[in-house]
$ cat my_file16.cif   # mmCIF, C-alpha atoms and all ligand atoms
data_coords
#
loop_
_atom_site.label_atom_id
_atom_site.label_comp_id
_atom_site.auth_asym_id
_atom_site.auth_seq_id
_atom_site.Cartn_x
_atom_site.Cartn_y
_atom_site.Cartn_z
CA MET T 1 -127.05 138.80 -133.50
CA LYS T 2 -130.47 139.92 -134.68
CA ASN T 3 -132.20 137.96 -137.36
CA TYR T 4 -132.70 139.40 -140.77
CA THR T 5 -136.22 140.80 -140.59
CA GLY T 6 -136.74 142.53 -143.92
CA ARG T 7 -139.72 141.66 -146.03
CA TYR T 8 -140.14 141.45 -149.72
CA PRO T 9 -140.65 143.65 -151.70
CA ALA T 10 -139.08 146.39 -149.53
CA SER T 11 -136.19 144.05 -148.91
CA ARG T 12 -134.53 142.46 -151.88
CA PRO T 13 -131.39 140.55 -150.88
CA ARG T 14 -130.37 140.36 -154.54
CA ARG T 15 -129.64 144.11 -154.49
CA LEU T 16 -126.46 143.26 -152.59
CA ARG T 17 -125.39 140.76 -155.23
CA GLN T 18 -126.01 142.69 -158.42
CA SER T 19 -122.41 143.47 -159.27
CA ASN T 20 -118.92 142.62 -158.29
CA TRP T 21 -118.18 145.88 -156.45
CA ILE T 22 -121.14 145.51 -154.08
CA ARG T 23 -120.43 141.83 -153.54
CA ARG T 24 -116.87 142.73 -152.60
CA LEU T 25 -118.06 145.48 -150.30
CA THR T 26 -120.43 143.21 -148.39
CA ARG T 27 -118.26 140.09 -148.31
CA GLU T 28 -118.01 138.76 -144.73
CA THR T 29 -114.97 136.52 -145.05
CA GLN T 30 -111.63 137.24 -146.67
CA LEU T 31 -109.14 134.63 -147.77
CA SER T 32 -105.54 135.72 -148.19
CA PRO T 33 -102.13 134.06 -148.47
CA ASP T 34 -101.70 135.08 -144.80
CA ASP T 35 -104.14 132.29 -143.93
CA LEU T 36 -102.10 129.49 -145.47
CA ILE T 37 -99.69 126.94 -144.06
CA TRP T 38 -98.13 124.97 -146.91
CA ALA T 39 -98.15 121.21 -146.27
CA MET T 40 -94.97 119.92 -147.90
CA VAL T 41 -93.47 116.45 -148.19
CA VAL T 42 -89.67 116.04 -148.25
CA HIS T 43 -87.44 113.08 -149.06
CA ASP T 44 -83.73 112.43 -148.85
CA GLY T 45 -83.20 111.11 -152.36
CA ARG T 46 -81.34 112.91 -155.10
CA GLU T 47 -84.20 113.58 -157.48
CA GLY T 48 -85.50 117.09 -156.99
CA GLU T 49 -89.14 116.08 -157.15
CA VAL T 50 -90.87 112.70 -156.96
CA PRO T 51 -94.55 112.98 -157.85
CA VAL T 52 -97.11 111.47 -155.50
CA ALA T 53 -99.50 109.54 -157.75
CA SER T 54 -102.56 109.86 -155.54
CA MET T 55 -102.02 113.61 -155.13
CA PRO T 56 -101.63 115.10 -158.63
CA GLY T 57 -99.57 118.29 -158.39
CA VAL T 58 -97.86 117.25 -155.15
CA ALA T 59 -94.33 115.88 -155.17
CA ARG T 60 -91.88 114.83 -152.51
CA LEU T 61 -89.14 117.43 -152.55
CA SER T 62 -85.46 116.91 -152.02
CA VAL T 63 -83.84 119.07 -149.36
CA SER T 64 -82.55 121.56 -151.91
CA SER T 65 -85.93 121.70 -153.67
CA ALA T 66 -87.57 122.26 -150.30
CA ALA T 67 -85.22 125.17 -149.66
CA ALA T 68 -86.20 126.64 -153.03
CA ALA T 69 -89.86 126.06 -152.17
CA ALA T 70 -89.37 127.98 -148.92
CA LYS T 71 -88.12 130.93 -150.95
CA ARG T 72 -91.15 130.59 -153.18
CA ALA T 73 -93.40 130.62 -150.09
CA GLN T 74 -91.74 133.83 -148.99
CA LYS T 75 -92.38 135.42 -152.40
CA LEU T 76 -95.99 134.26 -152.41
CA GLY T 77 -96.59 135.68 -148.93
CA ILE T 78 -97.27 132.29 -147.35
CA PRO T 79 -96.35 132.68 -143.66
CA ALA T 80 -95.44 129.10 -142.81
CA ILE T 81 -94.64 125.62 -144.10
CA ALA T 82 -95.46 122.30 -142.42
CA VAL T 83 -92.87 119.65 -143.22
CA PHE T 84 -93.64 115.93 -143.52
CA PRO T 85 -90.83 113.45 -144.19
CA HIS T 86 -90.70 110.42 -146.48
CA ILE T 87 -88.19 108.22 -144.72
CA ASP T 88 -86.24 105.44 -146.44
CA ALA T 89 -87.69 102.06 -145.50
CA ALA T 90 -84.16 100.97 -144.53
CA LYS T 91 -84.10 103.60 -141.77
CA LYS T 92 -87.35 102.53 -140.15
CA ASP T 93 -87.60 100.29 -137.11
CA THR T 94 -90.17 99.34 -134.49
CA VAL T 95 -89.30 102.26 -132.18
CA GLY T 96 -88.81 104.98 -134.78
CA LYS T 97 -85.23 105.70 -133.70
CA GLU T 98 -84.58 107.82 -136.80
CA ALA T 99 -87.01 110.43 -135.42
CA LEU T 100 -84.28 111.41 -132.94
CA ASN T 101 -81.48 111.80 -135.47
CA PRO T 102 -80.26 115.42 -135.38
CA ASN T 103 -78.81 114.93 -138.86
CA GLY T 104 -81.82 113.11 -140.22
CA LEU T 105 -84.05 114.28 -143.04
CA VAL T 106 -86.37 116.50 -141.02
CA CYS T 107 -83.60 118.41 -139.26
CA THR T 108 -81.60 118.76 -142.46
CA ALA T 109 -84.63 120.09 -144.32
CA VAL T 110 -85.52 122.49 -141.52
CA ARG T 111 -82.00 123.92 -141.48
CA ALA T 112 -81.92 124.31 -145.26
CA MET T 113 -85.33 125.96 -145.37
CA LYS T 114 -84.58 128.38 -142.53
CA ASP T 115 -81.32 129.26 -144.28
CA ALA T 116 -83.06 129.90 -147.58
CA ALA T 117 -86.04 131.79 -146.20
CA PRO T 118 -85.55 132.91 -142.62
CA ASP T 119 -88.84 134.82 -142.58
CA VAL T 120 -90.97 131.76 -143.28
CA GLY T 121 -92.16 129.88 -140.19
CA ILE T 122 -91.31 126.20 -140.21
CA MET T 123 -93.61 123.76 -138.52
CA VAL T 124 -92.76 120.11 -137.90
CA ASP T 125 -94.93 117.15 -137.04
CA VAL T 126 -94.20 115.44 -133.76
CA ALA T 127 -95.21 111.80 -134.21
CA LEU T 128 -93.41 108.57 -134.92
CA ASP T 129 -95.37 107.19 -137.89
CA PRO T 130 -92.95 108.27 -140.65
CA PHE T 131 -90.16 106.49 -138.76
CA THR T 132 -91.75 103.24 -137.52
CA ASP T 133 -91.85 100.13 -139.66
CA HIS T 134 -95.39 99.38 -138.44
CA GLY T 135 -96.63 102.87 -139.36
CA HIS T 136 -98.12 103.72 -135.98
CA ASP T 137 -97.59 107.07 -134.28
CA GLY T 138 -96.47 105.53 -131.02
CA LEU T 139 -94.51 102.67 -129.53
CA LEU T 140 -96.11 99.29 -129.79
CA LYS T 141 -95.93 96.85 -126.87
CA ASP T 142 -97.83 93.59 -126.77
CA GLY T 143 -100.06 94.84 -129.55
CA ARG T 144 -100.97 98.13 -127.83
CA ILE T 145 -99.79 101.66 -128.41
CA VAL T 146 -98.26 102.64 -125.10
CA ASN T 147 -98.96 106.22 -124.09
CA ASP T 148 -96.46 107.40 -121.51
CA GLU T 149 -93.44 105.69 -123.04
CA THR T 150 -94.35 107.27 -126.38
CA VAL T 151 -94.68 110.73 -124.83
CA LYS T 152 -91.09 110.51 -123.55
CA VAL T 153 -89.83 109.88 -127.08
CA LEU T 154 -92.00 112.65 -128.52
CA VAL T 155 -90.44 115.16 -126.13
CA GLU T 156 -87.00 114.16 -127.40
CA GLN T 157 -88.17 114.31 -131.00
CA ALA T 158 -89.56 117.82 -130.49
CA LEU T 159 -86.29 118.97 -128.89
CA VAL T 160 -84.18 117.63 -131.74
CA GLN T 161 -86.38 119.41 -134.29
CA VAL T 162 -86.39 122.69 -132.38
CA LYS T 163 -82.61 122.62 -132.06
CA ALA T 164 -82.49 122.34 -135.85
CA GLY T 165 -84.49 125.56 -136.08
CA ALA T 166 -88.17 124.57 -136.20
CA ASP T 167 -90.43 127.43 -135.11
CA ILE T 168 -93.57 125.45 -134.37
CA VAL T 169 -93.82 121.88 -133.13
CA ALA T 170 -97.07 120.18 -133.97
CA PRO T 171 -97.77 116.98 -132.06
CA SER T 172 -100.02 114.94 -134.34
CA ASP T 173 -99.83 111.67 -132.45
CA MET T 174 -102.84 112.05 -130.11
CA MET T 175 -101.11 110.58 -127.05
CA ASP T 176 -102.53 111.92 -123.79
CA GLY T 177 -100.42 114.49 -121.96
CA ARG T 178 -97.93 115.10 -124.75
CA VAL T 179 -98.51 118.84 -125.05
CA GLY T 180 -97.67 119.46 -121.39
CA ALA T 181 -94.66 117.16 -121.55
CA ILE T 182 -93.33 118.83 -124.70
CA ARG T 183 -93.90 122.31 -123.21
CA ALA T 184 -91.95 121.33 -120.09
CA GLY T 185 -89.21 119.75 -122.18
CA LEU T 186 -88.83 122.82 -124.37
CA ASP T 187 -88.92 125.23 -121.44
CA GLY T 188 -86.35 123.17 -119.58
CA ALA T 189 -84.00 123.45 -122.55
CA GLY T 190 -84.44 127.21 -122.92
CA PHE T 191 -86.98 127.15 -125.75
CA GLN T 192 -89.73 129.08 -123.96
CA ASP T 193 -90.63 130.93 -127.16
CA THR T 194 -91.09 127.93 -129.42
CA LEU T 195 -94.72 127.58 -130.43
CA ILE T 196 -96.84 124.47 -130.06
CA MET T 197 -99.64 123.84 -132.52
CA SER T 198 -101.55 120.96 -131.09
CA TYR T 199 -103.43 118.57 -133.32
CA ALA T 200 -105.98 118.91 -130.55
CA ALA T 201 -108.92 117.28 -132.26
CA LYS T 202 -107.65 114.70 -134.67
CA TYR T 203 -109.99 112.01 -135.89
CA ALA T 204 -109.36 108.45 -137.07
CA SER T 205 -110.18 109.24 -140.68
CA ALA T 206 -110.22 107.57 -144.07
CA PHE T 207 -109.19 110.89 -145.60
CA TYR T 208 -105.52 110.39 -144.64
CA GLY T 209 -105.25 107.67 -147.30
CA PRO T 210 -103.02 109.42 -149.88
CA TYR T 211 -100.71 110.66 -147.12
CA ARG T 212 -99.61 107.07 -146.55
CA GLU T 213 -98.35 106.95 -150.13
CA ALA T 214 -96.83 110.42 -149.85
CA ILE T 215 -94.69 109.59 -146.83
CA GLY T 216 -94.31 105.92 -147.71
CA SER T 217 -95.78 104.61 -144.48
CA GLY T 218 -97.62 101.86 -146.32
CA LYS T 219 -100.45 99.89 -144.90
CA LEU T 220 -100.84 99.74 -141.17
CA GLY T 221 -100.59 96.47 -139.31
CA SER T 222 -102.48 93.38 -140.30
CA GLY T 223 -105.26 94.18 -137.92
CA SER T 224 -104.09 91.46 -135.58
CA GLU T 225 -103.92 91.94 -131.84
CA GLN T 226 -100.17 92.32 -132.22
CA ASN T 227 -100.40 95.15 -134.71
CA PRO T 228 -103.70 97.02 -134.96
CA GLY T 229 -104.76 97.90 -138.50
CA ASP T 230 -106.01 101.36 -137.65
CA LYS T 231 -105.36 104.24 -135.27
CA ARG T 232 -108.65 104.14 -133.41
CA THR T 233 -107.16 103.63 -129.98
CA TYR T 234 -105.52 107.04 -130.13
CA GLN T 235 -107.20 109.16 -132.82
CA MET T 236 -110.76 110.27 -132.09
CA ASP T 237 -113.99 108.56 -133.03
CA LEU T 238 -115.38 110.50 -135.95
CA ALA T 239 -118.88 110.54 -134.45
CA ASN T 240 -117.85 112.68 -131.46
CA THR T 241 -117.91 116.41 -130.88
CA ASP T 242 -118.08 117.01 -127.07
CA GLU T 243 -114.97 114.86 -126.83
CA ALA T 244 -113.17 117.28 -129.16
CA LEU T 245 -113.82 120.10 -126.71
CA ARG T 246 -112.42 118.05 -123.85
CA GLU T 247 -109.32 117.23 -125.90
CA VAL T 248 -108.86 120.91 -126.75
CA ALA T 249 -109.40 122.02 -123.14
CA MET T 250 -106.64 119.68 -121.97
CA ASP T 251 -104.21 120.88 -124.64
CA VAL T 252 -104.92 124.53 -123.86
CA ALA T 253 -104.32 123.87 -120.16
CA GLU T 254 -101.06 122.09 -121.04
CA GLY T 255 -99.75 125.06 -123.01
CA ALA T 256 -100.86 124.77 -126.63
CA ASP T 257 -100.52 128.11 -128.42
CA LEU T 258 -102.40 127.17 -131.57
CA LEU T 259 -105.07 124.56 -132.15
CA LEU T 260 -105.57 122.31 -135.13
CA VAL T 261 -108.65 120.37 -136.20
CA LYS T 262 -108.15 117.49 -138.61
CA PRO T 263 -109.42 116.49 -141.15
CA GLY T 264 -110.87 119.74 -142.47
CA LEU T 265 -113.92 120.09 -144.65
CA PRO T 266 -115.96 117.19 -143.21
CA TYR T 267 -115.24 118.60 -139.72
CA LEU T 268 -116.23 122.26 -140.06
CA ASP T 269 -118.68 121.86 -137.17
CA ILE T 270 -115.72 121.01 -134.94
CA VAL T 271 -113.71 123.98 -136.23
CA HIS T 272 -116.63 126.24 -135.45
CA ARG T 273 -117.23 124.82 -131.98
CA VAL T 274 -113.57 124.94 -131.03
CA LYS T 275 -113.21 128.53 -132.22
CA THR T 276 -116.36 129.81 -130.51
CA THR T 277 -115.70 127.92 -127.27
CA PHE T 278 -112.03 128.76 -126.75
CA GLY T 279 -111.37 131.87 -128.81
CA MET T 280 -107.88 130.53 -129.50
CA PRO T 281 -105.96 130.70 -132.79
CA THR T 282 -107.64 127.78 -134.55
CA TYR T 283 -106.54 126.04 -137.77
CA ALA T 284 -107.95 123.33 -139.96
CA PHE T 285 -105.95 120.72 -141.85
CA GLN T 286 -107.25 120.13 -145.37
CA VAL T 287 -105.78 116.64 -145.53
CA SER T 288 -104.41 114.53 -148.35
CA GLY T 289 -107.73 112.83 -149.15
CA GLU T 290 -109.50 116.18 -149.42
CA TYR T 291 -106.79 117.36 -151.80
CA ALA T 292 -107.04 114.15 -153.83
CA MET T 293 -110.83 114.39 -154.16
CA ILE T 294 -110.74 117.90 -155.58
CA MET T 295 -107.86 117.11 -157.92
CA ALA T 296 -109.43 113.86 -159.14
CA ALA T 297 -112.72 115.55 -159.94
CA ALA T 298 -110.97 118.51 -161.56
CA GLY T 299 -108.72 116.19 -163.54
CA ASN T 300 -111.79 114.50 -164.98
CA GLY T 301 -113.32 117.82 -165.89
CA TRP T 302 -116.13 117.22 -163.40
CA LEU T 303 -115.66 120.50 -161.61
CA ASP T 304 -113.67 123.69 -161.89
CA GLY T 305 -110.62 122.90 -159.76
CA ASP T 306 -109.47 126.47 -159.17
CA ARG T 307 -112.88 127.55 -157.97
CA ALA T 308 -113.28 124.48 -155.79
CA ILE T 309 -109.90 125.14 -154.16
CA LEU T 310 -110.77 128.71 -153.23
CA GLU T 311 -114.30 127.73 -152.20
CA SER T 312 -113.04 125.04 -149.83
CA LEU T 313 -110.43 127.35 -148.29
CA THR T 314 -112.94 130.16 -147.84
CA ALA T 315 -115.33 127.71 -146.17
CA PHE T 316 -112.72 127.08 -143.47
CA LYS T 317 -112.46 130.80 -142.79
CA ARG T 318 -116.24 131.16 -142.75
CA ALA T 319 -116.48 128.36 -140.16
CA GLY T 320 -114.12 130.28 -137.90
CA ALA T 321 -110.65 128.98 -138.77
CA ASP T 322 -107.82 131.49 -138.57
CA GLY T 323 -105.90 129.56 -141.18
CA ILE T 324 -105.58 126.33 -143.10
CA VAL T 325 -102.82 123.75 -143.42
CA THR T 326 -103.10 122.74 -147.07
CA TYR T 327 -101.23 121.17 -149.96
CA PHE T 328 -102.96 123.79 -152.13
CA ALA T 329 -101.10 126.68 -150.47
CA PRO T 330 -98.86 127.76 -153.39
CA LYS T 331 -101.62 127.26 -155.94
CA ALA T 332 -104.13 129.15 -153.77
CA ALA T 333 -101.69 132.01 -153.16
CA GLU T 334 -101.23 132.32 -156.91
CA LEU T 335 -104.97 132.26 -157.52
CA LEU T 336 -105.33 135.00 -154.92
CA GLY T 337 -103.01 137.12 -156.99
CA ALA T 338 -99.94 136.93 -154.79
C1 LIG B 401 -99.14 111.49 -138.64
C2 LIG B 401 -99.87 112.38 -139.55
C3 LIG B 401 -100.88 112.01 -140.45
C4 LIG B 401 -101.19 113.16 -141.16
C5 LIG B 401 -100.40 114.19 -140.67
N1 LIG B 401 -99.59 113.70 -139.67
C6 LIG B 401 -101.48 110.70 -140.74
C7 LIG B 401 -102.16 109.96 -139.69
O1 LIG B 401 -102.33 110.43 -138.58
O2 LIG B 401 -102.54 108.81 -139.94
C8 LIG B 401 -102.20 113.21 -142.26
C9 LIG B 401 -101.97 114.26 -143.27
C10 LIG B 401 -102.79 114.13 -144.49
O3 LIG B 401 -103.56 113.16 -144.69
O4 LIG B 401 -102.67 115.04 -145.31
N2 LIG B 401 -99.32 111.55 -137.33
#
$ encode --input "my_file16.cif" --output "structure tokens"
Amino acid sequence: MKNYTGRYPASRPRRLRQSNWIRRLTRETQLSPDDLIWAMVVHDGREGEVPVASMPGVARLSVSSAAAAAKRAQKLGIPAIAVFPHIDAAKKDTVGKEALNPNGLVCTAVRAMKDAAPDVGIMVDVALDPFTDHGHDGLLKDGRIVNDETVKVLVEQALVQVKAGADIVAPSDMMDGRVGAIRAGLDGAGFQDTLIMSYAAKYASAFYGPYREAIGSGKLGSGSEQNPGDKRTYQMDLANTDEALREVAMDVAEGADLLLVKPGLPYLDIVHRVKTTFGMPTYAFQVSGEYAMIMAAAGNGWLDGDRAILESLTAFKRAGADGIVTYFAPKAAELLGA
């Protein structure tokens, strides 16, 4: 692209900003409800909605509330919902067995949502952390997260979810080789058309904090050898960018249809690099901590929340994202006049 070469006073960039109609006409990026994937937390209790304290405006939804929310998504023109489960502590164990329960919370919610709103795509996380008592995404052996054993379980988890009706499986665990294994598992079971959105570049981030409260996964291990206190042996080092491209390249080769970068706003450089390098459908996850920051500041009257929401979502599009996974989806769709 050529550089802007005009010179003042013949060129006056402000001419293009002087009123709304000309700003609209020259706007380079459009944000629409079509760009949104609604991040939604479900629980299997009876209360319709249980507010998440660290995420004002977000509540865990019961299965029937989630079904109603799916209908709302359809009305608002939101194409897809990403479901995250809050599992009863009593159902958690060291191996995350509940993840494979075909009548568990995730599968029940998926069925109810597809029933209520068949035209809304349903995406499910493939990872064990909501189901393990230690809160890690994989199986823990002698204080280490074991890769290949975990991948085997993830393939089963994906299959169970797809049989319940999930349209997109989204491995968020960051084990090596899981995209290829899940693709082979799905194909082998006749699910050639099920989409995989790979959390291809997912960083070990402080911004997932409120999510732990939302899904009730509590604090990670003590930090001892036996139970690491963070996810740094599988999620990426936040200082790296070439590594993100290698991660993405592997997932593309293994059959990923859609790519996800996570977290979002602090990682727009990664979104941009991934999009320009691979030209694949690329999404950003505006995570729980990003949501909480905007809501906390807005709640204190320190910024205009509605404007900040739309500004942050537009920034993702400007950086090259095709869409955004966000807890703001219904609010944003309303602000966009849906
Ligand atoms: C689990 C998972 C996490 C999120 C989505 N899936 C947490 C983590 O990896 O620690 C974070 C979502 C958010 O913070 O909004 N694999």
$ residues_near_point --input "my_file16.cif" --point "(-97.4, 105.0, -144.5)" --cutoff "7 Å" --atoms "all atoms listed in the file" --output "ChimeraX atom specification"
/T:130,135,212-213,215-219
$ residues_near_ligand --input "my_file16.cif" --ligand "ligand LIG 401 (chain B)" --cutoff "10 Å" --atoms "all atoms listed in the file" --output "JSON, numbers by chain"
{"T": [39, 40, 41, 55, 82, 83, 84, 85, 124, 125, 126, 127, 128, 129, 130, 135, 136, 137, 138, 170, 171, 172, 173, 174, 199, 202, 203, 204, 205, 206, 207, 208, 209, 210, 211, 212, 213, 214, 215, 217, 220, 230, 231, 234, 235, 262, 263, 264, 285, 286, 287, 288, 289, 290, 291, 292, 325, 326, 327]}
$ residues_near_point --input "my_file16.cif" --point "(-84.9, 118.0, -156.3)" --cutoff "12 Å" --atoms "all atoms listed in the file" --output "PyMOL selection string"
chain T and resi 41-51+59-69
$ residues_around --input "my_file16.cif" --residues "region 247-261 of chain T" --least-positions-apart "6" --cutoff "7 Å" --atoms "only C-alpha atoms" --output "ChimeraX atom specification"
/T:179-180,183,195-202,271,280-285
$ atom_distance --input "my_file16.cif" --atom1 "CA of Gly323 (chain T)" --atom2 "CA of Leu36 (chain T)"
5.7 Å
$ residues_around --input "my_file16.cif" --residues "region 301-309 of chain T" --least-positions-apart "2" --cutoff "9 Å" --atoms "all atoms listed in the file" --output "PyMOL selection string"
chain T and resi 291+294-299+311-314+328+331-332+335
$ closest_residue --input "my_file16.cif" --among "T:Ala164, T:Ile22, T:Ala53, T:Leu310" --to "Ala112 (chain T)" --atoms "only C-alpha atoms"
T:Ala164
$ atom_distance --input "my_file16.cif" --atom1 "CA of Ala166 (chain T)" --atom2 "CA of Ile122 (chain T)"
5.3 Å
$ closest_residue --input "my_file16.cif" --among "T:Thr276, T:Pro13, T:Ala117, T:Val153" --to "Thr26 (chain T)" --atoms "all atoms listed in the file"
T:Pro13
$ closest_residue --input "my_file16.cif" --among "T:Arg14, T:Glu156, T:Tyr267, T:His134" --to "Ala99 (chain T)" --atoms "all atoms listed in the file"
T:Glu156
$ closest_residue --input "my_file16.cif" --among "T:Ala315, T:Val160, T:Ala116, T:Leu16" --to "Asn103 (chain T)" --atoms "all atoms listed in the file"
T:Val160
$ residues_around --input "my_file16.cif" --residues "Pro330 (chain T)" --least-positions-apart "3" --cutoff "9 Å" --atoms "only C-alpha atoms" --output "number ranges by chain"
T: 33, 36, 38, 72-73, 76, 78, 327, 333-335
$ closest_residue --input "my_file16.cif" --among "T:Val169, T:Ala10, T:Leu25, T:Ile81" --to "Ala329 (chain T)" --atoms "only C-alpha atoms"
T:Ile81
$ atom_distance --input "my_file16.cif" --atom1 "CA of Val274 (chain T)" --atom2 "CA of Met293 (chain T)"
25.6 Å
$ closest_residue --input "my_file16.cif" --among "T:Gly188, T:Asn227, T:Ala89, T:Asp193" --to "Asp142 (chain T)" --atoms "all atoms listed in the file"
T:Asn227
$ residues_around --input "my_file16.cif" --residues "Leu159 (chain T)" --least-positions-apart "2" --cutoff "10 Å" --atoms "only C-alpha atoms" --output "number ranges by chain"
T: 100, 102, 126, 153-157, 161-166, 169, 182, 185-186, 189, 191
